[in-house]
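Asker: Take a look at this one; I'll ask things after.
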Amino acid sequence: MQWSYLDFIQSIFKLTTIDLSSYKERQMKRRIDALIARSEYKNYHAYFKALVANKELRDEFMSYITINVSEFYRNPKQWEALEKDILPNLLQKHDELKIWSAACSTGEEPYSLAMLLSRFIPLNQIKIIATDIDASILQKAKEGSYIEKNLQNLPKELIVKYFHKQGAEYYIDDSIKTCVDFRQHDLLKDEYPKNCHLIVCRNVLIYFTEEAKSKIYNKFYKSLHPEGILFVGSTEQIILPQRYNFVPVQSFFYKKAYEI
Ligand SMILES: C[S@@+](CC[C@H](N)C(=O)[O-])C[C@H]1O[C@@H](n2cnc3c(N)ncnc32)[C@H](O)[C@@H]1O
């Protein structure tokens, strides 16, 4: 049976509820085609039938298409800006911060946030919501075990304070783990948390079509507390942020301007 890419992604939507039509087609198609070429199935239809029959293959497919690379303090200059300006400003205005790490992958981002916040407030006052579409990646995030390469940008003092090393693995301390509430969440279809003071969503919007991005920015806007901050990835600056009522406060940080 000859299936087109469109047939394949429509069937994937029915099977998994993941809407691949909202991801940039050229990039996603190239990745899926390469995956199928390497597999024993060789065309969309045969590969799809295998996905239906085999949960393990389905999980692998899911992890492959969602691209899970992450690291602690990814792009350290931006974490410096967060520490020096953005967080002190927010903490001056609010006693408690509601923070959402959206598309958090293996947990480096929400755990980095918890460690950074611990420089300002006691750990028992820190609560970070961390979400991702990929259930298996969230499982890894909860385990909190990393290799040295993931930690290369993290200040040494935080490594000493919050990790213990066993063999080649660095395990994050339970005191940091308990600050983070991991949940499965699809940015394209699930309801967003409300009244967030800070949303960190980095290195995922680059994969989406302009239309999908636009919808997500509008949803982030609604999800933010007045004057809340959206922190984006280093290749994800928003073109014409005023279209979404965002005001740039620094590179990669946008403030919610006023209610639409
Ligand atoms: C490259 S990682 C980014 C991780 C982290 N934010 C960082 O910057 O290091 C992209 C993550 O986006 C997640 N993702 C992809 N599509 C998603 C969607 N529709 N909703 C929520 N998360 C999604 C993937 O599962 C993956 O873990």
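We name chains A, B, ... following the order of the structure tokens; residues begin at 1 in each chain, and ligands are numbered from 1 as shown.
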Show me which residues are within 7 Å of ligand 1 counting only C-alpha atoms and all ligand atoms, and format the list as a PyMOL selection string.

Answerer: chain A and resi 63+66-71+74+102-106+108-109+131-134+137+185-188+201-204+233

Asker: When you look at Met28 in chain A with a cut-off of 9 Å (counting only C-alpha atoms), what residues show up, excluding the ones that are within fewer than 6 positions of it in the same chain? I need them as JSON, numbers by chain.

Answerer: {"A": [20, 65, 207]}

Asker: At a cut-off of 12 Å, using only C-alpha atoms, what residues contact Asp173 in chain A? Leave out same-chain residues fewer than 4 positions from it and give the result as a PyMOL selection string.

Answerer: chain A and resi 111+114-115+123+142-146+158-165+177-180

Asker: Return as a ChimeraX atom specification the full set of residues in range 70-231 of chain A whose backbone-based DSSP assignment is strand (DSSP E).

Answerer: /A:99-102,128-132,145-147,163-166,169-172,180-184,196-201,224-231

Asker: Which of these, A:Leu82, A:Ala46, A:Met1, A:Leu224, has the shortest distance to Gln250 in chain A once you count only C-alpha atoms?

Answerer: A:Leu82

Asker: Contacts of Asn195 in chain A at 9 Å or less, counting only C-alpha atoms, minus same-chain residues fewer than 3 places along, as a PDB file with N, CA and C atoms, in the first residue's frame?

Answerer:
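Below you can see around-v7.pdb, which holds the result:
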ATOM      1  N   LYS A  98       5.085  31.381  40.609  1.00  0.00           N
ATOM      2  CA  LYS A  98       4.618  30.184  39.899  1.00  0.00           C
ATOM      3  C   LYS A  98       5.434  30.078  38.612  1.00  0.00           C
ATOM      4  N   LYS A 222      -1.850  34.254  27.663  1.00  0.00           N
ATOM      5  CA  LYS A 222      -2.990  34.053  28.580  1.00  0.00           C
ATOM      6  C   LYS A 222      -2.550  33.341  29.856  1.00  0.00           C
ATOM      7  N   SER A 223      -1.560  32.525  29.722  1.00  0.00           N
ATOM      8  CA  SER A 223      -1.096  31.715  30.844  1.00  0.00           C
ATOM      9  C   SER A 223      -0.274  32.526  31.857  1.00  0.00           C
ATOM     10  N   LEU A 224       0.220  33.678  31.416  1.00  0.00           N
ATOM     11  CA  LEU A 224       1.089  34.479  32.294  1.00  0.00           C
ATOM     12  C   LEU A 224       0.288  35.392  33.205  1.00  0.00           C
ATOM     13  N   HIS A 225       0.833  35.593  34.374  1.00  0.00           N
ATOM     14  CA  HIS A 225       0.348  36.600  35.316  1.00  0.00           C
ATOM     15  C   HIS A 225       0.657  37.971  34.687  1.00  0.00           C
ATOM     16  N   PRO A 226      -0.118  39.041  35.001  1.00  0.00           N
ATOM     17  CA  PRO A 226       0.245  40.355  34.457  1.00  0.00           C
ATOM     18  C   PRO A 226       1.718  40.667  34.741  1.00  0.00           C
ATOM     19  N   GLY A 228       4.145  38.982  33.791  1.00  0.00           N
ATOM     20  CA  GLY A 228       4.935  37.752  33.861  1.00  0.00           C
ATOM     21  C   GLY A 228       5.912  37.688  32.683  1.00  0.00           C
TER      22      GLY A 228
END

Asker: Check the smallest atom-to-atom distance from each of A:Ile86, A:Val232, A:Cys196, A:Ala168 to Ile128 in chain A using only C-alpha atoms, then report the winner.

Answerer: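 Comparing A:Ile86, A:Val232, A:Cys196, A:Ala168 against Ile128 in chain A, the winner is A:Cys196.
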
Asker: Which is closest to Phe61 in chain A among A:Ile238, A:Leu117, A:Ile32, A:Ala37, if we use only C-alpha atoms?

Answerer: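 Selected residue with least distance to Phe61 in chain A: A:Ile32.
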
Asker: Mind checking which residues fall within 9 Å of Trp3 in chain A, counting only C-alpha atoms, ignoring those fewer than 3 positions away in the same chain, and posting them as a ChimeraX atom specification?

Answerer: /A:6-8,43-45

Asker: Which is closest to Lys127 in chain A among A:Lys149, A:Ile176, A:Lys84, A:Asp59, if we use only C-alpha atoms?

Answerer: A:Ile176
